[in-house]
$ cat data34.cif   # mmCIF, C-alpha atoms and all ligand atoms
data_coords
loop_
_atom_site.label_atom_id
_atom_site.label_comp_id
_atom_site.auth_asym_id
_atom_site.auth_seq_id
_atom_site.Cartn_x
_atom_site.Cartn_y
_atom_site.Cartn_z
CA MET A 20 58.57 135.02 92.69
CA ASN A 21 58.43 132.61 89.80
CA LEU A 22 58.80 129.20 91.31
CA THR A 23 58.61 126.04 89.29
CA LEU A 24 57.40 122.77 90.72
CA GLU A 25 60.98 121.50 90.43
CA ALA A 26 62.22 124.43 92.50
CA VAL A 27 59.83 123.82 95.41
CA ARG A 28 60.51 120.10 95.25
CA ALA A 29 64.23 120.82 95.42
CA ARG A 30 63.63 122.87 98.57
CA ASP A 31 61.70 119.98 100.08
CA ALA A 32 64.47 117.54 99.16
CA ALA A 33 67.02 119.76 100.92
CA ASP A 34 64.84 120.29 104.01
CA PRO A 35 66.60 118.94 107.13
CA LEU A 36 63.21 118.26 108.77
CA ARG A 37 61.75 116.43 105.79
CA ALA A 38 61.95 113.00 107.40
CA TYR A 39 59.45 114.01 110.10
CA ARG A 40 56.63 114.14 107.58
CA ASP A 41 56.63 110.34 107.48
CA ARG A 42 56.08 110.23 111.21
CA PHE A 43 52.54 111.57 110.76
CA VAL A 44 49.32 110.25 109.28
CA LEU A 45 48.51 112.69 106.48
CA PRO A 46 45.50 111.76 104.35
CA ASP A 47 45.97 111.59 100.58
CA GLY A 48 44.64 114.58 98.73
CA VAL A 49 44.80 116.85 101.79
CA ILE A 50 47.09 119.80 102.41
CA TYR A 51 46.73 120.27 106.12
CA LEU A 52 47.12 123.91 107.14
CA ASP A 53 45.25 123.69 110.43
CA GLY A 54 47.85 122.12 112.68
CA ASN A 55 47.79 125.29 114.76
CA SER A 56 44.25 124.31 115.76
CA LEU A 57 44.39 120.52 115.86
CA GLY A 58 47.79 118.98 115.19
CA ALA A 59 48.06 115.97 112.89
CA LEU A 60 48.17 112.41 114.24
CA PRO A 61 51.69 111.08 114.89
CA LYS A 62 51.98 107.45 113.78
CA ALA A 63 53.61 106.65 117.13
CA THR A 64 50.39 107.67 118.85
CA ILE A 65 48.49 104.83 117.22
CA ALA A 66 50.86 102.32 118.77
CA SER A 67 51.04 104.05 122.15
CA GLN A 68 47.24 104.28 122.38
CA ALA A 69 46.91 100.60 121.57
CA ASP A 70 49.49 99.83 124.23
CA VAL A 71 47.94 101.96 126.95
CA VAL A 72 44.48 100.59 126.25
CA ALA A 73 45.12 96.91 125.58
CA ARG A 74 48.19 96.13 127.63
CA GLN A 75 48.36 98.75 130.36
CA TRP A 76 44.67 99.25 131.12
CA GLY A 77 43.52 95.86 129.82
CA GLN A 78 46.14 93.64 131.43
CA SER A 79 47.83 95.59 134.20
CA LEU A 80 44.61 97.26 135.28
CA ILE A 81 44.99 99.45 138.38
CA ARG A 82 48.58 98.28 138.85
CA SER A 83 49.47 100.56 135.93
CA TRP A 84 49.42 103.60 138.18
CA ASN A 85 52.72 102.27 139.51
CA ASP A 86 53.89 99.65 137.02
CA HIS A 87 53.50 101.94 134.00
CA ARG A 88 54.21 105.13 135.92
CA TRP A 89 50.82 106.63 135.20
CA ILE A 90 50.89 108.52 138.48
CA GLU A 91 54.02 110.45 137.44
CA ALA A 92 52.74 111.33 133.98
CA PRO A 93 51.71 114.96 134.69
CA GLN A 94 55.23 115.74 135.94
CA ARG A 95 57.01 113.54 133.37
CA VAL A 96 55.26 115.04 130.36
CA GLY A 97 55.51 118.47 131.96
CA ALA A 98 59.29 118.08 132.16
CA LYS A 99 59.41 117.21 128.45
CA ILE A 100 57.39 120.32 127.61
CA ALA A 101 59.65 122.36 129.91
CA ASP A 102 62.50 121.48 127.56
CA LEU A 103 60.64 123.12 124.68
CA ILE A 104 59.88 126.37 126.48
CA GLY A 105 63.11 127.13 128.31
CA ALA A 106 61.83 126.11 131.74
CA ARG A 107 63.25 123.82 134.41
CA PRO A 108 61.81 120.29 134.46
CA ASP A 109 60.05 120.93 137.77
CA GLU A 110 58.41 124.15 136.60
CA VAL A 111 55.82 122.62 134.24
CA ILE A 112 52.96 120.22 134.85
CA VAL A 113 50.32 118.77 132.54
CA ALA A 114 46.74 119.13 133.73
CA ASP A 115 43.22 120.13 132.79
CA SER A 116 42.56 122.56 129.94
CA VAL A 117 44.07 125.95 129.20
CA SER A 118 40.85 127.54 130.44
CA VAL A 119 40.98 125.77 133.81
CA ASN A 120 44.71 126.37 134.21
CA LEU A 121 44.23 130.08 133.57
CA PHE A 122 41.63 130.19 136.31
CA LYS A 123 43.93 128.42 138.75
CA LEU A 124 46.88 130.70 138.03
CA MET A 125 44.88 133.93 138.04
CA LEU A 126 43.29 133.28 141.41
CA ALA A 127 46.46 131.92 142.98
CA ALA A 128 48.62 134.80 141.75
CA ALA A 129 46.10 137.58 142.40
CA SER A 130 46.08 136.76 146.09
CA LEU A 131 49.76 137.71 146.37
CA ALA A 132 48.94 141.40 145.93
CA PRO A 133 45.47 141.92 147.42
CA GLU A 134 45.92 145.69 147.46
CA ARG A 135 46.12 145.80 143.66
CA GLY A 136 42.71 145.77 142.01
CA GLN A 137 43.27 145.53 138.26
CA LEU A 138 43.41 142.55 135.93
CA LEU A 139 44.57 143.80 132.54
CA SER A 140 44.20 142.03 129.21
CA GLU A 141 43.99 142.63 125.50
CA ALA A 142 40.78 143.31 123.58
CA GLY A 143 40.47 140.54 121.01
CA ASN A 144 42.51 138.13 123.13
CA PHE A 145 41.31 134.55 122.63
CA HIS A 146 37.82 134.63 124.06
CA THR A 147 38.21 131.81 126.59
CA ASP A 148 41.03 133.82 128.20
CA LEU A 149 38.76 136.82 128.58
CA HIS A 150 35.79 134.75 129.73
CA ILE A 151 37.87 133.00 132.37
CA ALA A 152 39.42 136.33 133.34
CA SER A 153 35.99 137.83 133.93
CA GLY A 154 35.08 134.96 136.26
CA ALA A 155 38.43 135.05 138.03
CA ALA A 156 38.13 138.82 138.43
CA GLU A 157 34.78 138.36 140.16
CA PHE A 158 36.17 135.76 142.55
CA ALA A 159 39.33 137.77 143.30
CA ARG A 160 37.46 141.11 143.43
CA LEU A 161 39.51 142.58 140.61
CA ARG A 162 38.45 145.01 137.91
CA LEU A 163 38.97 143.46 134.49
CA ASP A 164 40.27 146.07 132.07
CA VAL A 165 40.41 144.94 128.45
CA VAL A 166 42.29 147.40 126.26
CA GLU A 167 43.49 147.54 122.66
CA ARG A 168 46.85 145.96 121.98
CA GLY A 169 48.59 149.31 121.54
CA ARG A 170 47.35 150.54 124.94
CA ILE A 171 48.50 147.66 127.10
CA GLU A 172 51.75 149.24 128.19
CA ALA A 173 50.01 152.48 129.10
CA GLY A 174 47.40 150.44 130.98
CA LEU A 175 49.97 149.08 133.42
CA GLY A 176 50.11 151.00 136.68
CA ALA A 177 50.17 150.98 140.43
CA GLU A 178 46.82 149.19 140.52
CA THR A 179 47.73 146.39 138.13
CA ASN A 180 47.74 143.05 139.84
CA LEU A 181 47.86 140.74 136.80
CA LEU A 182 48.51 141.14 133.10
CA LEU A 183 47.06 138.32 131.00
CA LEU A 184 48.37 138.04 127.44
CA THR A 185 48.48 135.49 124.67
CA HIS A 186 52.03 135.36 123.34
CA VAL A 187 51.03 134.73 119.70
CA HIS A 188 47.64 136.10 118.71
CA TYR A 189 45.30 133.34 117.55
CA LYS A 190 43.91 135.38 114.69
CA THR A 191 46.62 137.66 113.33
CA GLY A 192 49.68 135.72 114.49
CA GLU A 193 51.16 138.87 116.09
CA ARG A 194 53.67 138.05 118.79
CA PHE A 195 54.45 140.01 121.95
CA ASP A 196 58.02 140.56 123.06
CA MET A 197 57.81 138.39 126.16
CA ALA A 198 60.97 139.67 127.87
CA ARG A 199 60.09 143.31 127.34
CA ILE A 200 56.45 143.12 128.41
CA THR A 201 57.17 140.89 131.40
CA ALA A 202 59.83 143.37 132.55
CA LEU A 203 57.53 146.37 132.04
CA ALA A 204 54.76 144.68 134.02
CA SER A 205 57.20 143.72 136.72
CA GLU A 206 58.50 147.31 136.98
CA ALA A 207 54.91 148.36 137.57
CA GLY A 208 54.68 145.69 140.30
CA ALA A 209 52.40 143.39 138.28
CA ARG A 210 52.69 139.73 137.33
CA THR A 211 52.18 138.49 133.79
CA ILE A 212 50.41 135.27 132.81
CA TRP A 213 51.32 134.15 129.31
CA ASP A 214 49.11 131.93 127.18
CA LEU A 215 51.51 129.98 124.97
CA SER A 216 48.84 128.05 123.07
CA HIS A 217 49.92 129.36 119.66
CA SER A 218 53.64 129.36 120.46
CA VAL A 219 54.63 126.07 122.05
CA GLY A 220 56.09 123.59 119.57
CA ALA A 221 56.53 126.23 116.88
CA VAL A 222 57.99 129.51 118.08
CA PRO A 223 61.26 129.89 120.00
CA LEU A 224 60.54 130.20 123.72
CA ASP A 225 62.85 130.76 126.66
CA LEU A 226 60.71 131.50 129.67
CA GLY A 227 63.60 131.41 132.11
CA ARG A 228 65.66 133.90 130.11
CA ASP A 229 62.65 136.15 129.52
CA GLY A 230 61.75 136.35 133.19
CA ALA A 231 58.32 134.77 132.77
CA GLU A 232 56.75 133.66 136.05
CA LEU A 233 53.42 132.17 134.98
CA ALA A 234 52.19 130.55 131.78
CA VAL A 235 49.73 128.07 130.33
CA GLY A 236 49.66 126.30 126.98
CA CYS A 237 47.75 123.95 124.77
CA GLY A 238 48.53 120.30 124.02
CA TYR A 239 46.43 119.74 120.91
CA LYS A 240 47.91 122.31 118.53
CA TYR A 241 51.59 122.25 117.57
CA LEU A 242 52.33 119.56 120.18
CA ASN A 243 50.08 117.12 118.28
CA GLY A 244 48.62 115.72 121.48
CA GLY A 245 45.21 114.85 120.00
CA PRO A 246 41.75 116.40 120.20
CA GLY A 247 41.15 117.82 123.66
CA ALA A 248 44.66 116.89 124.83
CA PRO A 249 45.42 118.04 128.36
CA ALA A 250 47.05 121.45 128.70
CA PHE A 251 50.07 122.48 130.76
CA LEU A 252 50.92 125.19 133.19
CA TYR A 253 54.21 126.75 134.18
CA VAL A 254 55.11 128.42 137.46
CA ALA A 255 58.65 129.72 137.97
CA SER A 256 60.25 127.85 140.83
CA SER A 257 60.77 131.11 142.77
CA LEU A 258 56.99 131.49 143.00
CA GLN A 259 55.76 127.94 143.45
CA GLU A 260 55.70 127.72 147.23
CA ARG A 261 53.86 131.05 147.49
CA LEU A 262 50.92 130.01 145.34
CA VAL A 263 48.04 127.75 146.26
CA SER A 264 45.59 126.55 143.65
CA PRO A 265 41.95 127.52 144.22
CA LEU A 266 41.01 124.05 142.91
CA ARG A 267 42.23 121.97 145.79
CA GLY A 268 41.91 118.45 144.52
CA TRP A 269 43.45 115.34 145.96
CA MET A 270 46.08 115.02 143.23
CA GLY A 271 47.51 118.37 144.30
CA HIS A 272 47.64 117.30 147.94
CA ALA A 273 50.96 116.65 149.67
CA ALA A 274 49.78 113.11 150.48
CA PRO A 275 46.88 112.14 148.18
CA PHE A 276 46.76 108.60 149.47
CA ALA A 277 46.72 109.55 153.14
CA PHE A 278 43.00 110.34 152.68
CA THR A 279 43.01 113.16 155.23
CA ASP A 280 40.25 115.72 155.62
CA ASP A 281 42.55 118.73 155.62
CA TYR A 282 44.15 120.11 152.50
CA VAL A 283 47.93 120.45 152.48
CA PRO A 284 49.31 121.55 149.11
CA ALA A 285 51.94 119.32 147.56
CA PRO A 286 55.40 120.85 147.44
CA GLY A 287 56.28 122.43 144.11
CA ILE A 288 54.39 122.36 140.84
CA ALA A 289 52.29 119.27 141.75
CA ARG A 290 50.02 121.49 143.86
CA PHE A 291 48.45 122.67 140.61
CA LEU A 292 46.95 119.28 139.92
CA ALA A 293 43.33 118.81 140.88
CA GLY A 294 41.89 115.47 139.75
CA THR A 295 43.07 112.18 138.29
CA PRO A 296 45.16 112.53 135.11
CA PRO A 297 43.29 111.37 131.97
CA MET A 298 45.73 108.62 131.02
CA LEU A 299 44.55 107.88 127.48
CA ALA A 300 44.76 111.53 126.54
CA MET A 301 47.98 111.95 128.49
CA THR A 302 49.60 109.08 126.61
CA ALA A 303 48.62 110.62 123.28
CA LEU A 304 50.08 113.95 124.37
CA GLU A 305 53.28 112.28 125.47
CA SER A 306 53.68 110.62 122.04
CA GLY A 307 53.22 114.01 120.38
CA VAL A 308 55.69 115.72 122.69
CA ASP A 309 58.22 112.88 122.35
CA LEU A 310 58.59 113.67 118.65
CA PHE A 311 60.15 116.98 119.62
CA ALA A 312 62.88 115.33 121.68
CA GLU A 313 64.88 114.74 118.53
CA VAL A 314 63.99 118.01 116.80
CA ASP A 315 66.37 120.92 116.53
CA MET A 316 64.05 123.74 117.63
CA ALA A 317 66.16 126.35 115.82
CA ALA A 318 65.77 124.39 112.57
CA LEU A 319 62.03 124.16 113.25
CA TRP A 320 61.69 127.93 113.51
CA THR A 321 63.95 128.52 110.49
CA LYS A 322 61.60 126.35 108.46
CA SER A 323 58.50 128.05 109.84
CA VAL A 324 59.95 131.38 108.70
CA ALA A 325 60.71 129.97 105.25
CA LEU A 326 57.21 128.47 104.88
CA PHE A 327 55.67 131.78 105.92
CA ASP A 328 57.82 133.79 103.51
CA LEU A 329 56.97 131.48 100.65
CA PHE A 330 53.24 131.65 101.43
CA ALA A 331 53.29 135.43 101.83
CA GLU A 332 55.20 136.04 98.61
CA LEU A 333 53.20 133.61 96.49
CA ALA A 334 49.89 134.91 97.87
CA MET A 335 50.90 138.53 97.37
CA GLN A 336 51.59 137.83 93.71
CA ALA A 337 48.79 135.41 92.95
CA CYS A 338 46.00 136.63 95.25
CA PRO A 339 46.30 140.40 95.69
CA GLU A 340 42.68 140.56 96.81
CA LEU A 341 43.80 138.95 100.09
CA ALA A 342 45.32 141.32 102.67
CA CYS A 343 47.92 139.66 104.87
CA VAL A 344 47.29 140.62 108.51
CA SER A 345 50.26 138.77 109.99
CA PRO A 346 53.48 140.72 110.57
CA ARG A 347 56.21 139.96 108.04
CA GLU A 348 59.10 140.25 110.53
CA PRO A 349 59.69 136.79 112.03
CA GLU A 350 60.32 138.06 115.56
CA ARG A 351 56.94 139.79 115.55
CA ARG A 352 54.83 136.77 114.67
CA GLY A 353 54.05 133.12 115.27
CA SER A 354 53.76 130.16 112.92
CA HIS A 355 50.54 130.88 111.07
CA ILE A 356 49.65 133.29 108.31
CA SER A 357 46.30 135.07 108.14
CA PHE A 358 44.55 137.10 105.51
CA ARG A 359 41.50 139.33 105.42
CA HIS A 360 38.93 138.81 102.71
CA PRO A 361 35.27 139.89 102.80
CA ASN A 362 34.24 136.32 101.92
CA ALA A 363 36.86 134.58 104.03
CA TYR A 364 34.32 132.05 105.30
CA GLU A 365 33.17 130.93 101.85
CA LEU A 366 36.73 130.93 100.55
CA CYS A 367 37.80 128.72 103.43
CA GLN A 368 34.97 126.27 102.75
CA ALA A 369 35.79 126.18 99.03
CA LEU A 370 39.42 125.45 99.88
CA ILE A 371 38.44 122.65 102.25
CA ALA A 372 36.27 121.15 99.50
CA GLN A 373 39.44 120.96 97.40
CA GLY A 374 41.50 119.40 100.17
CA VAL A 375 43.23 122.54 101.48
CA ILE A 376 42.31 122.68 105.15
CA GLY A 377 42.80 126.04 106.81
CA ASP A 378 40.31 127.80 109.03
CA PHE A 379 38.13 130.84 109.31
CA ARG A 380 38.11 133.28 112.18
CA ALA A 381 35.23 135.72 112.39
CA PRO A 382 34.47 138.11 110.96
CA ASP A 383 36.71 138.03 107.88
CA VAL A 384 39.99 136.20 108.48
CA ILE A 385 41.26 133.05 106.80
CA ARG A 386 44.13 131.45 108.66
CA PHE A 387 46.73 128.87 107.66
CA GLY A 388 48.87 127.02 110.20
CA LEU A 389 52.48 126.40 109.21
CA THR A 390 53.66 123.27 110.96
CA PRO A 391 57.27 122.66 109.97
CA LEU A 392 57.32 119.00 111.05
CA TYR A 393 54.89 117.82 108.41
CA LEU A 394 54.45 120.55 105.82
CA GLY A 395 56.63 121.05 102.79
CA TYR A 396 57.25 123.89 100.36
CA GLU A 397 55.30 122.09 97.65
CA ASP A 398 52.25 122.02 99.95
CA ILE A 399 52.39 125.79 100.25
CA ALA A 400 52.82 126.36 96.52
CA ARG A 401 49.92 124.02 95.74
CA ALA A 402 47.67 125.59 98.37
CA VAL A 403 48.20 129.07 96.92
CA GLU A 404 47.63 127.74 93.40
CA ILE A 405 44.34 126.12 94.44
CA MET A 406 43.29 129.32 96.19
CA ARG A 407 44.04 131.32 93.02
CA GLY A 408 41.93 128.87 91.05
CA ILE A 409 38.99 129.34 93.42
CA LEU A 410 39.28 133.12 93.24
CA ASP A 411 39.54 133.01 89.42
CA THR A 412 36.50 130.84 88.94
CA GLY A 413 34.51 132.47 91.75
CA GLY A 414 34.23 128.95 93.16
CA TRP A 415 33.67 130.31 96.67
CA ARG A 416 30.28 131.69 95.52
CA ASP A 417 28.78 128.18 95.53
CA PRO A 418 25.76 128.46 97.89
CA ARG A 419 26.92 125.32 99.71
CA PHE A 420 29.83 127.28 101.13
CA ALA A 421 27.68 130.00 102.65
CA VAL A 422 26.06 127.65 105.18
CA ARG A 423 27.94 128.09 108.43
CA ALA A 424 28.82 124.96 110.33
CA LYS A 425 28.71 124.90 114.12
CA VAL A 426 32.46 124.28 114.39
CA THR A 427 34.63 126.02 111.85
C1 LIG B 1 45.07 131.23 122.76
C2 LIG B 1 44.19 130.10 123.17
N1 LIG B 1 43.97 129.86 124.48
C3 LIG B 1 43.19 128.85 124.88
C4 LIG B 1 42.57 128.02 123.96
C5 LIG B 1 41.62 126.93 124.43
O1 LIG B 1 42.13 126.22 125.44
P1 LIG B 1 41.30 125.02 126.15
O2 LIG B 1 40.31 124.50 125.17
O3 LIG B 1 42.36 124.04 126.48
O4 LIG B 1 40.67 125.59 127.34
C6 LIG B 1 42.79 128.21 122.61
C7 LIG B 1 42.14 127.31 121.64
O5 LIG B 1 42.20 127.47 120.45
C8 LIG B 1 43.61 129.28 122.20
O6 LIG B 1 43.81 129.52 120.92
#

$ encode --input "data34.cif" --output "structure tokens" --more "lines below"
Ligand SMILES: Cc1ncc(COP(=O)(O)O)c(C=O)c1O
Amino acid sequence: MNLTLEAVRARDAADPLRAYRDRFVLPDGVIYLDGNSLGALPKATIASQADVVARQWGQSLIRSWNDHRWIEAPQRVGAKIADLIGARPDEVIVADSVSVNLFKLMLAAASLAPERGQLLSEAGNFHTDLHIASGAAEFARLRLDVVERGRIEAGLGAETNLLLLTHVHYKTGERFDMARITALASEAGARTIWDLSHSVGAVPLDLGRDGAELAVGCGYKYLNGGPGAPAFLYVASSLQERLVSPLRGWMGHAAPFAFTDDYVPAPGIARFLAGTPPMLAMTALESGVDLFAEVDMAALWTKSVALFDLFAELAMQACPELACVSPREPERRGSHISFRHPNAYELCQALIAQGVIGDFRAPDVIRFGLTPLYLGYEDIARAVEIMRGILDTGGWRDPRFAVRAKVT
């Protein structure tokens, strides 16, 4: 592929999503390819944070729970996320972190089939999922079986209670066929919990169509909800009344302000709340999610595919020493592209030093998030060019880049 600067700029000019780039704060001199880890700051969030702090908290004080509808925020923002994942508005709620939501769903769902003793997951799944699964397994007296990706289907059986999978793999970007796997698990009598952290806001999702019953997802990645944004959880309406959260907090009570000693779960999805919603973080998440209200999700995915293809083709030509580990077929992957390189860490640091922010995933993967709302084709072409320059000059060998930071 011999692309001139004019050619990539022409693609950017013709991009139907181009206008969204101006809705984000993007620092000069930075090509941000880490929006799959921490999404960029929407400009609207600056205003909404100022409003929630100065006017709502500052002036309305505690009256804001009603006057500014703070109390409804977990459901309201949940309903907006539901729109993005093919769920009904009352099937999603915003609360806690992905880790905590996984724990709640695993324990609640496991109790529906106490005779089944296996919790099945994928080796190399995001580690918090496996850590939480090991704790949940102990509480629910399940055996946690962690098997290689290719052995998951064979691992399903009469003993399987729960199957816990991440829809798009955080490292390689591989994507499971949600409908197929959910159906296979269901045929075996098991329930599947999907982690949508690397899918929501990027990859087409239709949980209702695909028969998904349980899911969790992250607010701070493609949804641009801000660092540590609250997460969400999804429970299909058919299952909601049968599940009770193991974290029985007052916000999940049928009557939180009745101050009774006994716990009565709220009807519907609200029973999965535990404590008070973090309103500053919630407001930031809502601003991020609101951007999607106007976005054509099919156009978003079309652009993700095009950004990926451009990156893959340019990198294949210019940087043959990098081995792409993400599947090329769009339906088999998410919205990031990952490569193996023996010095992936140093290469990543050298790129960051030149303003190209991707990230490293141990032991040897460099990963680039493709966020169609604020990335353009020129960004991709420039990033690959800078990477080629670093490989040519051996710039990654600089001893500064070998020192590993605590957070990478
Ligand atoms: C697949 C996956 N699940 C969960 C998490 C973390 O979720 P939380 O920090 O909200 O517990 C991440 C974070 O990167 C992730 O990639």

$ closest_residue --input "data34.cif" --among "A:Thr295, A:Gln373, A:Ser216, A:Gln94" --to "Glu110 (chain A)" --atoms "all atoms listed in the file"
A:Gln94

$ atom_distance --input "data34.cif" --atom1 "CA of Ala32 (chain A)" --atom2 "CA of Phe387 (chain A)"
22.7 Å

$ residues_around --input "data34.cif" --residues "Thr179 (chain A)" --least-positions-apart "2" --cutoff "12 Å" --atoms "only C-alpha atoms" --output "JSON, numbers by chain"
{"A": [129, 132, 133, 134, 135, 136, 137, 138, 139, 140, 161, 162, 163, 164, 171, 172, 173, 174, 175, 176, 177, 181, 182, 183, 203, 204, 205, 206, 207, 208, 209, 210, 211]}

$ residues_around --input "data34.cif" --residues "Ala274 (chain A)" --least-positions-apart "2" --cutoff "12 Å" --atoms "only C-alpha atoms" --output "MDAnalysis selection string"
chainID A and resid 268:272 276:286 289:290

$ write_last_selection --input "data34.cif" --atoms "C-alpha atoms" --output "JSON list (two decimals), keeping the file's coordinate frame"
[["chain", "number", "residue", "atom", "x", "y", "z"],
["A", 268, "GLY", "CA", 41.91, 118.45, 144.52],
["A", 269, "TRP", "CA", 43.45, 115.34, 145.96],
["A", 270, "MET", "CA", 46.08, 115.02, 143.23],
["A", 271, "GLY", "CA", 47.51, 118.37, 144.30],
["A", 272, "HIS", "CA", 47.64, 117.30, 147.94],
["A", 276, "PHE", "CA", 46.76, 108.60, 149.47],
["A", 277, "ALA", "CA", 46.72, 109.55, 153.14],
["A", 278, "PHE", "CA", 43.00, 110.34, 152.68],
["A", 279, "THR", "CA", 43.01, 113.16, 155.23],
["A", 280, "ASP", "CA", 40.25, 115.72, 155.62],
["A", 281, "ASP", "CA", 42.55, 118.73, 155.62],
["A", 282, "TYR", "CA", 44.15, 120.11, 152.50],
["A", 283, "VAL", "CA", 47.93, 120.45, 152.48],
["A", 284, "PRO", "CA", 49.31, 121.55, 149.11],
["A", 285, "ALA", "CA", 51.94, 119.32, 147.56],
["A", 286, "PRO", "CA", 55.40, 120.85, 147.44],
["A", 289, "ALA", "CA", 52.29, 119.27, 141.75],
["A", 290, "ARG", "CA", 50.02, 121.49, 143.86]]

$ residues_near_ligand --input "data34.cif" --ligand "ligand LIG 1 (chain B)" --cutoff "10 Å" --atoms "all atoms listed in the file" --output "number ranges by chain"
A: 55-57, 114-121, 144-149, 151, 184-190, 213-218, 235-240, 246-251

$ closest_residue --input "data34.cif" --among "A:Gly244, A:Pro46, A:Pro391, A:Pro339" --to "Ile100 (chain A)" --atoms "only C-alpha atoms"
A:Gly244

$ closest_residue --input "data34.cif" --among "A:Asp47, A:Glu260, A:Asp328, A:Asp229" --to "Val375 (chain A)" --atoms "only C-alpha atoms"
A:Asp47

$ atom_distance --input "data34.cif" --atom1 "CA of Ile399 (chain A)" --atom2 "CA of Phe330 (chain A)"
6.0 Å

$ atom_distance --input "data34.cif" --atom1 "CA of Pro349 (chain A)" --atom2 "CA of Gly307 (chain A)"
25.1 Å

$ residues_around --input "data34.cif" --residues "Ser256 (chain A)" --least-positions-apart "5" --cutoff "12 Å" --atoms "only C-alpha atoms" --output "PyMOL selection string"
chain A and resi 106-111+226-227+230-233+261-262+286-289

$ write_last_selection --input "data34.cif" --atoms "C-alpha atoms" --output "PDB file, in the frame of the given file"
ATOM      1  CA  ALA A 106      61.830 126.110 131.740  1.00  0.00           C
ATOM      2  CA  ARG A 107      63.250 123.820 134.410  1.00  0.00           C
ATOM      3  CA  PRO A 108      61.810 120.290 134.460  1.00  0.00           C
ATOM      4  CA  ASP A 109      60.050 120.930 137.770  1.00  0.00           C
ATOM      5  CA  GLU A 110      58.410 124.150 136.600  1.00  0.00           C
ATOM      6  CA  VAL A 111      55.820 122.620 134.240  1.00  0.00           C
ATOM      7  CA  LEU A 226      60.710 131.500 129.670  1.00  0.00           C
ATOM      8  CA  GLY A 227      63.600 131.410 132.110  1.00  0.00           C
ATOM      9  CA  GLY A 230      61.750 136.350 133.190  1.00  0.00           C
ATOM     10  CA  ALA A 231      58.320 134.770 132.770  1.00  0.00           C
ATOM     11  CA  GLU A 232      56.750 133.660 136.050  1.00  0.00           C
ATOM     12  CA  LEU A 233      53.420 132.170 134.980  1.00  0.00           C
ATOM     13  CA  ARG A 261      53.860 131.050 147.490  1.00  0.00           C
ATOM     14  CA  LEU A 262      50.920 130.010 145.340  1.00  0.00           C
ATOM     15  CA  PRO A 286      55.400 120.850 147.440  1.00  0.00           C
ATOM     16  CA  GLY A 287      56.280 122.430 144.110  1.00  0.00           C
ATOM     17  CA  ILE A 288      54.390 122.360 140.840  1.00  0.00           C
ATOM     18  CA  ALA A 289      52.290 119.270 141.750  1.00  0.00           C
TER      19      ALA A 289
END

$ residues_around --input "data34.cif" --residues "Leu410 (chain A)" --least-positions-apart "3" --cutoff "10 Å" --atoms "only C-alpha atoms" --output "PyMOL selection string"
chain A and resi 337-338+340+366+369+404-407+413-416

$ residues_around --input "data34.cif" --residues "region 376-384 of chain A" --least-positions-apart "4" --cutoff "9 Å" --atoms "all atoms listed in the file" --output "PDB file with C-alpha atoms, in the coordinates of the input"
ATOM      1  CA  VAL A  49      44.800 116.850 101.790  1.00  0.00           C
ATOM      2  CA  ILE A  50      47.090 119.800 102.410  1.00  0.00           C
ATOM      3  CA  TYR A  51      46.730 120.270 106.120  1.00  0.00           C
ATOM      4  CA  LEU A  52      47.120 123.910 107.140  1.00  0.00           C
ATOM      5  CA  ASP A  53      45.250 123.690 110.430  1.00  0.00           C
ATOM      6  CA  GLY A  54      47.850 122.120 112.680  1.00  0.00           C
ATOM      7  CA  SER A  56      44.250 124.310 115.760  1.00  0.00           C
ATOM      8  CA  TYR A 189      45.300 133.340 117.550  1.00  0.00           C
ATOM      9  CA  LYS A 190      43.910 135.380 114.690  1.00  0.00           C
ATOM     10  CA  THR A 191      46.620 137.660 113.330  1.00  0.00           C
ATOM     11  CA  VAL A 344      47.290 140.620 108.510  1.00  0.00           C
ATOM     12  CA  SER A 357      46.300 135.070 108.140  1.00  0.00           C
ATOM     13  CA  PHE A 358      44.550 137.100 105.510  1.00  0.00           C
ATOM     14  CA  ARG A 359      41.500 139.330 105.420  1.00  0.00           C
ATOM     15  CA  HIS A 360      38.930 138.810 102.710  1.00  0.00           C
ATOM     16  CA  PRO A 361      35.270 139.890 102.800  1.00  0.00           C
ATOM     17  CA  ASN A 362      34.240 136.320 101.920  1.00  0.00           C
ATOM     18  CA  ALA A 363      36.860 134.580 104.030  1.00  0.00           C
ATOM     19  CA  TYR A 364      34.320 132.050 105.300  1.00  0.00           C
ATOM     20  CA  GLU A 365      33.170 130.930 101.850  1.00  0.00           C
ATOM     21  CA  LEU A 366      36.730 130.930 100.550  1.00  0.00           C
ATOM     22  CA  CYS A 367      37.800 128.720 103.430  1.00  0.00           C
ATOM     23  CA  GLN A 368      34.970 126.270 102.750  1.00  0.00           C
ATOM     24  CA  LEU A 370      39.420 125.450  99.880  1.00  0.00           C
ATOM     25  CA  ILE A 371      38.440 122.650 102.250  1.00  0.00           C
ATOM     26  CA  ALA A 372      36.270 121.150  99.500  1.00  0.00           C
ATOM     27  CA  GLY A 388      48.870 127.020 110.200  1.00  0.00           C
ATOM     28  CA  THR A 427      34.630 126.020 111.850  1.00  0.00           C
TER      29      THR A 427
END

$ closest_residue --input "data34.cif" --among "A:Ala342, A:Ile65, A:Leu333, A:Ala424" --to "Arg401 (chain A)" --atoms "only C-alpha atoms"
A:Leu333

$ axis_aligned_box --input "data34.cif" --around "region 256-271 of chain A" --padding-each-side "3 Å" --output "JSON"
{"center_x": 50.9, "center_y": 123.3, "center_z": 144.2, "size_x": 25.8, "size_y": 22.5, "size_z": 12.7}

$ closest_residue --input "data34.cif" --among "A:Met298, A:Leu126, A:Ala234, A:Ile385" --to "Leu341 (chain A)" --atoms "all atoms listed in the file"
A:Ile385
